[in-house]
file start22.txt (compact mmCIF, C-alpha atoms)
# COMPACT_ATOMS: atom_id res chain seq x y z
CA MET A 1 8.55 16.30 7.88
CA GLN A 2 10.99 15.58 10.71
CA THR A 3 8.80 12.84 12.14
CA LEU A 4 8.80 11.10 8.76
CA ILE A 5 12.55 11.53 8.34
CA SER A 6 13.31 10.15 11.80
CA GLY A 7 10.88 7.26 11.44
CA ALA A 8 12.23 6.30 8.02
CA LYS A 9 15.73 6.14 9.50
CA VAL A 10 14.47 3.75 12.18
CA LEU A 11 13.00 1.57 9.44
CA GLY A 12 16.25 1.73 7.47
CA ILE A 13 14.61 3.47 4.51
CA PRO A 14 16.69 6.20 2.84
CA LEU A 15 14.76 9.28 1.69
CA ASP A 16 16.40 12.08 -0.28
CA SER A 17 15.25 15.72 -0.41
CA GLU A 18 13.10 15.15 -3.51
CA GLN A 19 11.25 12.29 -1.84
CA ILE A 20 10.68 14.36 1.30
CA GLU A 21 9.17 17.10 -0.87
CA GLN A 22 6.92 14.52 -2.53
CA PHE A 23 5.64 13.45 0.88
CA ARG A 24 5.13 17.11 1.80
CA ALA A 25 3.15 17.73 -1.40
CA PHE A 26 1.10 14.58 -0.81
CA ALA A 27 0.21 15.76 2.71
CA ALA A 28 -0.82 19.17 1.36
CA LEU A 29 -3.06 17.64 -1.31
CA LEU A 30 -4.58 15.30 1.25
CA ALA A 31 -5.47 18.27 3.48
CA GLU A 32 -6.81 20.31 0.55
CA TRP A 33 -9.01 17.59 -0.93
CA ASN A 34 -10.18 16.46 2.51
CA GLN A 35 -12.04 19.78 2.75
CA LYS A 36 -14.35 18.75 -0.10
CA MET A 37 -14.52 14.96 0.29
CA ASN A 38 -14.02 12.42 3.07
CA LEU A 39 -10.52 11.02 2.49
CA THR A 40 -9.29 10.59 6.05
CA ALA A 41 -10.16 11.42 9.65
CA ILE A 42 -6.46 11.99 10.33
CA THR A 43 -5.64 15.61 9.50
CA ASP A 44 -2.93 16.71 11.95
CA ILE A 45 0.39 16.76 10.07
CA GLU A 46 2.23 14.87 12.80
CA GLU A 47 -0.42 12.16 12.83
CA VAL A 48 -0.41 11.99 9.02
CA GLN A 49 3.34 11.33 9.12
CA LYS A 50 2.96 8.62 11.76
CA LYS A 51 -0.34 6.91 10.97
CA HIS A 52 -0.33 7.23 7.21
CA PHE A 53 3.20 7.63 5.87
CA LEU A 54 5.24 5.59 8.35
CA ASP A 55 2.55 2.96 8.85
CA CYS A 56 2.65 2.38 5.10
CA LEU A 57 6.44 2.33 4.88
CA VAL A 58 6.69 -0.37 7.56
CA GLY A 59 5.94 -2.98 4.91
CA LEU A 60 8.89 -2.03 2.69
CA PRO A 61 11.67 -3.68 4.76
CA LEU A 62 9.61 -6.89 4.88
CA VAL A 63 9.25 -6.96 1.10
CA ALA A 64 12.95 -6.18 0.62
CA LYS A 65 13.87 -9.07 2.90
CA GLU A 66 11.58 -11.46 1.03
CA ILE A 67 13.16 -10.63 -2.34
CA GLY A 68 16.71 -10.43 -0.95
CA ALA A 69 17.14 -6.74 -1.74
CA SER A 70 18.60 -3.72 0.00
CA LEU A 71 16.54 -0.60 0.70
CA PRO A 72 15.12 0.75 -1.47
CA PRO A 73 14.82 -2.27 -3.78
CA LYS A 74 16.09 -1.76 -7.32
CA ARG A 75 13.78 -4.35 -8.87
CA ALA A 76 10.77 -2.96 -10.75
CA LEU A 77 8.13 -5.24 -9.27
CA ALA A 78 4.52 -4.94 -10.43
CA CYS A 79 2.34 -4.01 -7.45
CA ILE A 80 -1.39 -3.53 -7.06
CA ASP A 81 -2.78 -1.64 -4.07
CA ILE A 82 -6.30 -2.96 -3.52
CA GLY A 83 -8.89 -0.60 -2.04
CA THR A 84 -6.24 2.11 -1.91
CA GLY A 85 -8.63 4.88 -0.81
CA ALA A 86 -6.54 8.04 -0.50
CA GLY A 87 -3.47 6.18 -1.75
CA PHE A 88 -2.45 4.10 1.25
CA PRO A 89 -0.17 2.20 1.33
CA GLY A 90 0.55 2.50 -2.41
CA VAL A 91 1.64 6.13 -2.76
CA PRO A 92 4.08 6.17 0.20
CA LEU A 93 5.57 2.89 -1.04
CA LYS A 94 5.95 4.34 -4.53
CA ILE A 95 7.67 7.48 -3.25
CA ALA A 96 10.15 5.43 -1.21
CA TRP A 97 10.54 2.80 -3.96
CA PRO A 98 10.64 4.77 -7.25
CA ASN A 99 11.16 1.67 -9.44
CA LEU A 100 7.88 0.14 -8.28
CA LYS A 101 5.34 -0.38 -11.09
CA LEU A 102 2.19 0.58 -9.21
CA THR A 103 -1.51 0.06 -9.88
CA LEU A 104 -3.87 1.89 -7.53
CA MET A 105 -7.32 0.32 -7.40
CA ASP A 106 -10.40 1.72 -5.68
CA GLY A 107 -14.14 1.47 -6.19
CA THR A 108 -14.87 5.19 -5.69
CA ALA A 109 -14.57 7.54 -8.67
CA LYS A 110 -13.90 10.61 -6.50
CA LYS A 111 -10.91 8.94 -4.89
CA ILE A 112 -9.55 7.95 -8.30
CA ARG A 113 -9.78 11.62 -9.35
CA PHE A 114 -7.88 12.63 -6.22
CA LEU A 115 -5.20 10.03 -6.94
CA ASP A 116 -4.90 11.30 -10.51
CA GLU A 117 -4.13 14.73 -9.09
CA VAL A 118 -1.57 13.22 -6.69
CA VAL A 119 0.20 11.24 -9.40
CA THR A 120 0.45 14.36 -11.60
CA ALA A 121 1.51 16.75 -8.84
CA LEU A 122 4.18 14.38 -7.50
CA SER A 123 5.41 13.45 -11.02
CA LEU A 124 5.06 9.75 -10.23
CA GLU A 125 5.93 7.47 -13.14
CA ASN A 126 4.66 3.96 -13.92
CA VAL A 127 1.44 4.43 -11.93
CA THR A 128 -1.90 3.16 -13.26
CA LEU A 129 -5.27 4.08 -11.78
CA VAL A 130 -8.15 1.59 -11.90
CA GLN A 131 -11.69 2.03 -10.64
CA GLY A 132 -13.38 -1.20 -9.62
CA ARG A 133 -14.09 -3.75 -6.92
CA ALA A 134 -11.57 -6.42 -5.94
CA GLU A 135 -14.08 -9.28 -6.05
CA GLU A 136 -14.86 -8.42 -9.68
CA LEU A 137 -11.47 -7.38 -11.06
CA GLY A 138 -9.79 -10.38 -9.41
CA ARG A 139 -11.59 -12.56 -11.95
CA HIS A 140 -10.59 -10.41 -14.92
CA GLY A 141 -7.78 -11.69 -17.13
CA ARG A 142 -6.11 -8.28 -17.17
CA PHE A 143 -5.57 -8.42 -13.42
CA ARG A 144 -5.79 -12.02 -12.19
CA GLY A 145 -2.34 -13.43 -11.39
CA GLN A 146 -0.58 -10.46 -12.98
CA PHE A 147 1.26 -8.91 -10.03
CA ASP A 148 4.45 -9.65 -8.10
CA LEU A 149 3.05 -7.85 -5.08
CA ALA A 150 -0.42 -7.00 -3.80
CA THR A 151 -1.07 -4.68 -0.87
CA ALA A 152 -4.12 -3.87 1.22
CA ARG A 153 -4.58 -1.73 4.29
CA ALA A 154 -7.89 -2.78 5.70
CA VAL A 155 -10.21 -3.42 8.64
CA ALA A 156 -11.61 -6.81 7.61
CA ARG A 157 -10.28 -10.08 9.03
CA LEU A 158 -7.11 -11.27 7.34
CA ASN A 159 -8.57 -14.61 6.24
CA THR A 160 -11.31 -12.66 4.46
CA LEU A 161 -8.87 -10.22 2.90
CA THR A 162 -6.80 -13.01 1.37
CA GLU A 163 -9.87 -14.08 -0.62
CA TYR A 164 -9.81 -10.68 -2.31
CA VAL A 165 -6.06 -10.06 -2.50
CA LEU A 166 -4.44 -13.35 -3.54
CA PRO A 167 -6.21 -13.75 -6.91
CA PHE A 168 -4.18 -10.75 -8.15
CA VAL A 169 -0.82 -12.30 -7.17
CA ARG A 170 1.19 -14.47 -9.55
CA GLN A 171 2.55 -17.79 -8.25
CA SER A 172 5.94 -16.41 -7.22
CA GLY A 173 4.52 -13.21 -5.74
CA MET A 174 3.47 -12.06 -2.30
CA ALA A 175 0.77 -10.12 -0.51
CA VAL A 176 1.38 -7.47 2.14
CA ILE A 177 -1.59 -6.95 4.42
CA TYR A 178 -1.41 -4.04 6.84
CA LYS A 179 -3.13 -4.97 10.08
CA GLY A 180 -3.30 -3.84 13.70
CA PRO A 181 -2.53 -5.48 17.07
CA ASN A 182 -4.34 -8.75 16.22
CA ALA A 183 -2.15 -9.37 13.17
CA ALA A 184 -0.37 -12.45 14.52
CA GLU A 185 -3.60 -14.31 15.39
CA GLU A 186 -5.23 -13.39 12.08
CA PHE A 187 -2.12 -14.39 10.13
CA MET A 188 -2.34 -17.92 11.53
CA GLU A 189 -6.03 -18.11 10.60
CA ALA A 190 -5.28 -16.97 7.05
CA ARG A 191 -2.43 -19.45 6.61
CA LYS A 192 -4.67 -22.30 7.75
CA SER A 193 -7.37 -21.17 5.32
CA ASP A 194 -4.87 -20.93 2.45
CA ARG A 195 -3.52 -24.45 3.04
CA THR A 196 -7.06 -25.81 3.02
CA ALA A 197 -7.74 -24.08 -0.29
CA GLY A 198 -4.51 -25.43 -1.77
CA ARG A 199 -3.13 -22.03 -2.76
CA ARG A 200 0.56 -21.79 -3.64
CA ASN A 201 0.91 -18.01 -3.69
CA GLY A 202 3.87 -16.41 -1.98
CA PRO A 203 3.82 -15.31 1.65
CA VAL A 204 1.10 -13.17 3.11
CA LEU A 205 2.90 -10.66 5.31
CA ALA A 206 0.89 -9.30 8.22
CA CYS A 207 2.40 -5.89 8.96
CA ARG A 208 1.95 -4.52 12.46
CA ARG A 209 1.66 -0.81 13.20
CA ALA A 210 4.92 1.11 12.95
CA ASP A 211 6.79 1.63 16.22
CA THR A 212 9.06 4.55 15.43
CA GLY A 213 8.93 6.42 18.71

call {"tool": "encode", "arguments": {"input": "start22.txt", "output": "C-alpha cells"}}
result
Amino acid sequence: MQTLISGAKVLGIPLDSEQIEQFRAFAALLAEWNQKMNLTAITDIEEVQKKHFLDCLVGLPLVAKEIGASLPPKRALACIDIGTGAGFPGVPLKIAWPNLKLTLMDGTAKKIRFLDEVVTALSLENVTLVQGRAEELGRHGRFRGQFDLATARAVARLNTLTEYVLPFVRQSGMAVIYKGPNAAEEFMEARKSDRTAGRRNGPVLACRRADTG
C-alpha cells in the first residue's frame, strides 16, 4: 500500500496502520468479488490505489476546507454516496474519516451485497446500505434534504448530476462531484443551472483527478 501511503501524505491525509489494513482488506475483497461479478475494470493493485483509493480521497481536503476543519475532520457529518457501485468514493472516505455517518446507495442488489461484506469485514461503524435509484429516493421524505454531504463519482455531465444529487442535501450542506479533466467547464454550467432553478444548497465541488505522482 506504499502508493496509497505516499499519495495520502501528498493530500495531507493522515492514515494509521489500522486504516492502511482496512484499505488492504478492501482491495482484497474487490479482487475476490470481481471474479464473480463486474465491479471494476481496474484490477492491478497499483492502479486500484491510484484510480480508486486516491481519486476518492482527493475530495476530503476540499470538504475539510469548506467546514473549516483539519484532516481528518472530527465532525460526524451525515453523508450519502449516490450510485456508489463498488463503494467509491464512500468507502475510502469513510476509512479516512471514521466519524463520517455514511449511507451507501446503489440500484444493484449484487453490489449492495458486496458492500455489506465490505462493511462487515472492515468493521465500519455508522454505515447504512440502501438499494434504490437516486431519481426516486430523492423524492422520499427519509432521504430528501437529510444529508450534510452528498457524493457522486460519475460519467454524466455535472449539470445533469446535480439534478440527482442536490435533492438529498440539506440547505447548509454540500455536494462533492468527482469528475475528470472537463470539471471546470462543467462546474460553470452546473452553477448557472442552479442559479436559474433558484437552489440555495451549499457548494457543488468539482473534484479533479488526483495528481499524486

call {"tool": "atom_distance", "arguments": {"input": "start22.txt", "atom1": "CA of Met1 (chain A)", "atom2": "CA of Asp106 (chain A)"}}
result
27.5 Å

call {"tool": "residues_around", "arguments": {"input": "start22.txt", "residues": "Gly83 (chain A)", "least_positions_apart": "6", "cutoff": "10 Å", "atoms": "only C-alpha atoms", "output": "list of chain:residue names"}}
result
A:Pro89, A:Gly90, A:Leu104, A:Met105, A:Asp106, A:Gly107, A:Thr108, A:Gln131, A:Gly132, A:Arg133, A:Ala134, A:Thr151, A:Ala152, A:Arg153, A:Ala154, A:Val165

call {"tool": "atom_distance", "arguments": {"input": "start22.txt", "atom1": "CA of Asp81 (chain A)", "atom2": "CA of Lys101 (chain A)"}}
result
10.8 Å

call {"tool": "closest_residue", "arguments": {"input": "start22.txt", "among": "A:Leu15, A:Ala150, A:Val91, A:Leu161", "to": "Ala78 (chain A)", "atoms": "only C-alpha atoms"}}
result
A:Ala150

call {"tool": "residues_around", "arguments": {"input": "start22.txt", "residues": "region 110-117 of chain A", "least_positions_apart": "5", "cutoff": "9 Å", "atoms": "only C-alpha atoms", "output": "list of chain:residue names"}}
result
A:Leu29, A:Leu30, A:Trp33, A:Met37, A:Leu39, A:Thr84, A:Gly85, A:Ala86, A:Gly87, A:Val91, A:Leu104, A:Met105, A:Leu122, A:Leu129, A:Val130, A:Gln131

call {"tool": "residues_near_point", "arguments": {"input": "start22.txt", "point": "(9.1, 14.5, 11.3)", "cutoff": "10 Å", "atoms": "only C-alpha atoms", "output": "PyMOL selection string"}}
result
chain A and resi 1-8+45-47+49-50

call {"tool": "atom_distance", "arguments": {"input": "start22.txt", "atom1": "CA of Val63 (chain A)", "atom2": "CA of Ile42 (chain A)"}}
result
26.3 Å

call {"tool": "residues_around", "arguments": {"input": "start22.txt", "residues": "Arg170 (chain A)", "least_positions_apart": "5", "cutoff": "8 Å", "atoms": "only C-alpha atoms", "output": "list in words"}}
result
Arg144, Gly145, Gln146, Phe147, Asp148 and Asn201 of chain A

call {"tool": "write_last_selection", "arguments": {"input": "start22.txt", "atoms": "C-alpha atoms", "output": "mmCIF file, in the frame of the given file"}}
result
data_model
loop_
_atom_site.group_PDB
_atom_site.id
_atom_site.type_symbol
_atom_site.label_atom_id
_atom_site.label_comp_id
_atom_site.auth_asym_id
_atom_site.auth_seq_id
_atom_site.Cartn_x
_atom_site.Cartn_y
_atom_site.Cartn_z
ATOM 1 C CA ARG A 144 -5.790 -12.020 -12.190
ATOM 2 C CA GLY A 145 -2.340 -13.430 -11.390
ATOM 3 C CA GLN A 146 -0.580 -10.460 -12.980
ATOM 4 C CA PHE A 147 1.260 -8.910 -10.030
ATOM 5 C CA ASP A 148 4.450 -9.650 -8.100
ATOM 6 C CA ASN A 201 0.910 -18.010 -3.690
#

call {"tool": "residues_around", "arguments": {"input": "start22.txt", "residues": "region 96-100 of chain A", "least_positions_apart": "2", "cutoff": "6 Å", "atoms": "all atoms listed in the file", "output": "list in words"}}
result
Pro72, Ala76, Leu77, Leu93, Lys94 and Leu102 of chain A

call {"tool": "axis_aligned_box", "arguments": {"input": "start22.txt", "around": "region 139-156 of chain A", "padding_each_side": "4 Å", "output": "lines of an AutoDock Vina configuration file"}}
result
center_x = -3.6
center_y = -7.6
center_z = -4.3
size_x = 24.1
size_y = 19.7
size_z = 33.8

call {"tool": "closest_residue", "arguments": {"input": "start22.txt", "among": "A:Pro92, A:Leu137, A:Phe168, A:Leu149", "to": "Lys51 (chain A)", "atoms": "only C-alpha atoms"}}
result
A:Pro92

call {"tool": "closest_residue", "arguments": {"input": "start22.txt", "among": "A:Lys36, A:Lys179, A:Arg142, A:Arg24", "to": "Phe53 (chain A)", "atoms": "only C-alpha atoms"}}
result
A:Arg24

call {"tool": "closest_residue", "arguments": {"input": "start22.txt", "among": "A:Ile13, A:Ile177, A:Ala41, A:Ala109", "to": "Tyr164 (chain A)", "atoms": "only C-alpha atoms"}}
result
A:Ile177

call {"tool": "closest_residue", "arguments": {"input": "start22.txt", "among": "A:Lys9, A:Leu71, A:Asn126, A:Ala121", "to": "Phe26 (chain A)", "atoms": "only C-alpha atoms"}}
result
A:Ala121

call {"tool": "closest_residue", "arguments": {"input": "start22.txt", "among": "A:Glu135, A:Val118, A:Lys65, A:Leu11", "to": "Thr160 (chain A)", "atoms": "all atoms listed in the file"}}
result
A:Glu135

call {"tool": "decode", "arguments": {"input": "start22.txt", "residues": "region 67-83 of chain A", "atoms": "all heavy atoms", "output": "CSV table (one decimal), in the first residue's frame"}}
result
chain,number,residue,atom,x,y,z
A,67,ILE,N,-15.7,23.2,5.7
A,67,ILE,CA,-16.3,23.2,7.0
A,67,ILE,C,-15.3,23.7,8.0
A,67,ILE,O,-15.6,23.7,9.2
A,67,ILE,CB,-16.8,21.8,7.4
A,67,ILE,CG1,-15.6,20.8,7.5
A,67,ILE,CG2,-17.8,21.3,6.4
A,67,ILE,CD1,-16.0,19.4,8.0
A,68,GLY,N,-14.1,24.2,7.6
A,68,GLY,CA,-13.2,24.8,8.5
A,68,GLY,C,-12.5,23.8,9.5
A,68,GLY,O,-12.3,24.1,10.6
A,69,ALA,N,-12.3,22.6,9.0
A,69,ALA,CA,-11.7,21.5,9.8
A,69,ALA,C,-10.4,21.1,9.4
A,69,ALA,O,-10.0,21.3,8.2
A,69,ALA,CB,-12.7,20.3,9.8
A,70,SER,N,-9.6,20.5,10.3
A,70,SER,CA,-8.3,19.9,10.0
A,70,SER,C,-8.6,18.5,9.4
A,70,SER,O,-9.7,18.0,9.4
A,70,SER,CB,-7.5,19.8,11.2
A,70,SER,OG,-8.1,19.1,12.3
A,71,LEU,N,-7.6,17.8,9.0
A,71,LEU,CA,-7.7,16.4,8.5
A,71,LEU,C,-7.2,15.4,9.5
A,71,LEU,O,-6.1,15.6,10.0
A,71,LEU,CB,-6.9,16.3,7.2
A,71,LEU,CG,-7.5,17.1,6.0
A,71,LEU,CD1,-6.5,17.1,4.8
A,71,LEU,CD2,-8.8,16.4,5.5
A,72,PRO,N,-8.0,14.3,9.7
A,72,PRO,CA,-9.4,14.1,9.2
A,72,PRO,C,-10.3,15.0,10.0
A,72,PRO,O,-10.1,15.2,11.2
A,72,PRO,CB,-9.6,12.6,9.4
A,72,PRO,CG,-8.8,12.3,10.6
A,72,PRO,CD,-7.5,13.2,10.5
A,73,PRO,N,-11.5,15.4,9.5
A,73,PRO,CA,-12.4,16.1,10.2
A,73,PRO,C,-13.0,15.3,11.4
A,73,PRO,O,-13.1,14.1,11.4
A,73,PRO,CB,-13.6,16.4,9.2
A,73,PRO,CG,-12.9,16.3,7.9
A,73,PRO,CD,-11.9,15.2,8.1
A,74,LYS,N,-13.2,16.0,12.5
A,74,LYS,CA,-13.8,15.4,13.7
A,74,LYS,C,-15.3,15.3,13.7
A,74,LYS,O,-15.9,14.5,14.4
A,74,LYS,CB,-13.3,16.1,15.0
A,74,LYS,CG,-11.8,16.2,15.1
A,74,LYS,CD,-11.2,14.8,15.2
A,74,LYS,CE,-9.6,14.9,15.4
A,74,LYS,NZ,-9.0,13.6,15.3
A,75,ARG,N,-15.9,16.2,12.9
A,75,ARG,CA,-17.4,16.3,12.9
A,75,ARG,C,-18.0,15.1,12.2
A,75,ARG,O,-17.5,14.6,11.3
A,75,ARG,CB,-17.8,17.6,12.1
A,75,ARG,CG,-17.5,18.9,12.8
A,75,ARG,CD,-17.8,20.1,12.0
A,75,ARG,NE,-19.2,20.1,11.5
A,75,ARG,CZ,-19.7,21.0,10.7
A,75,ARG,NH1,-18.9,22.0,10.2
A,75,ARG,NH2,-21.0,21.0,10.3
A,76,ALA,N,-19.1,14.6,12.8
A,76,ALA,CA,-19.8,13.4,12.3
A,76,ALA,C,-20.8,13.8,11.3
A,76,ALA,O,-22.0,13.8,11.6
A,76,ALA,CB,-20.4,12.7,13.5
A,77,LEU,N,-20.4,14.3,10.1
A,77,LEU,CA,-21.4,14.7,9.1
A,77,LEU,C,-22.1,13.5,8.6
A,77,LEU,O,-21.6,12.4,8.5
A,77,LEU,CB,-20.7,15.5,8.0
A,77,LEU,CG,-20.0,16.8,8.3
A,77,LEU,CD1,-19.6,17.4,7.0
A,77,LEU,CD2,-20.9,17.7,9.1
A,78,ALA,N,-23.4,13.7,8.2
A,78,ALA,CA,-24.2,12.7,7.5
A,78,ALA,C,-23.9,12.8,6.0
A,78,ALA,O,-24.2,13.8,5.4
A,78,ALA,CB,-25.7,12.9,7.8
A,79,CYS,N,-23.5,11.7,5.4
A,79,CYS,CA,-23.1,11.7,4.0
A,79,CYS,C,-23.8,10.6,3.3
A,79,CYS,O,-23.9,9.5,3.8
A,79,CYS,CB,-21.6,11.5,3.9
A,79,CYS,SG,-21.0,11.2,2.2
A,80,ILE,N,-24.3,10.9,2.1
A,80,ILE,CA,-24.8,9.8,1.2
A,80,ILE,C,-24.0,9.8,-0.1
A,80,ILE,O,-23.7,10.8,-0.7
A,80,ILE,CB,-26.3,10.1,0.9
A,80,ILE,CG1,-26.9,8.9,0.1
A,80,ILE,CG2,-26.6,11.4,0.2
A,80,ILE,CD1,-28.4,8.9,0.0
A,81,ASP,N,-23.6,8.6,-0.4
A,81,ASP,CA,-22.8,8.3,-1.6
A,81,ASP,C,-23.8,7.7,-2.7
A,81,ASP,O,-24.2,6.6,-2.5
A,81,ASP,CB,-21.7,7.4,-1.4
A,81,ASP,CG,-20.7,7.2,-2.6
A,81,ASP,OD1,-20.8,8.1,-3.5
A,81,ASP,OD2,-20.0,6.2,-2.6
A,82,ILE,N,-24.1,8.5,-3.7
A,82,ILE,CA,-25.2,8.2,-4.6
A,82,ILE,C,-24.6,7.4,-5.8
A,82,ILE,O,-23.6,7.9,-6.5
A,82,ILE,CB,-25.9,9.5,-5.1
A,82,ILE,CG1,-26.5,10.2,-3.9
A,82,ILE,CG2,-26.9,9.2,-6.2
A,82,ILE,CD1,-26.9,11.6,-4.2
A,83,GLY,N,-25.2,6.2,-6.1
A,83,GLY,CA,-24.7,5.4,-7.2
A,83,GLY,C,-23.3,4.9,-6.8
A,83,GLY,O,-22.4,4.9,-7.7
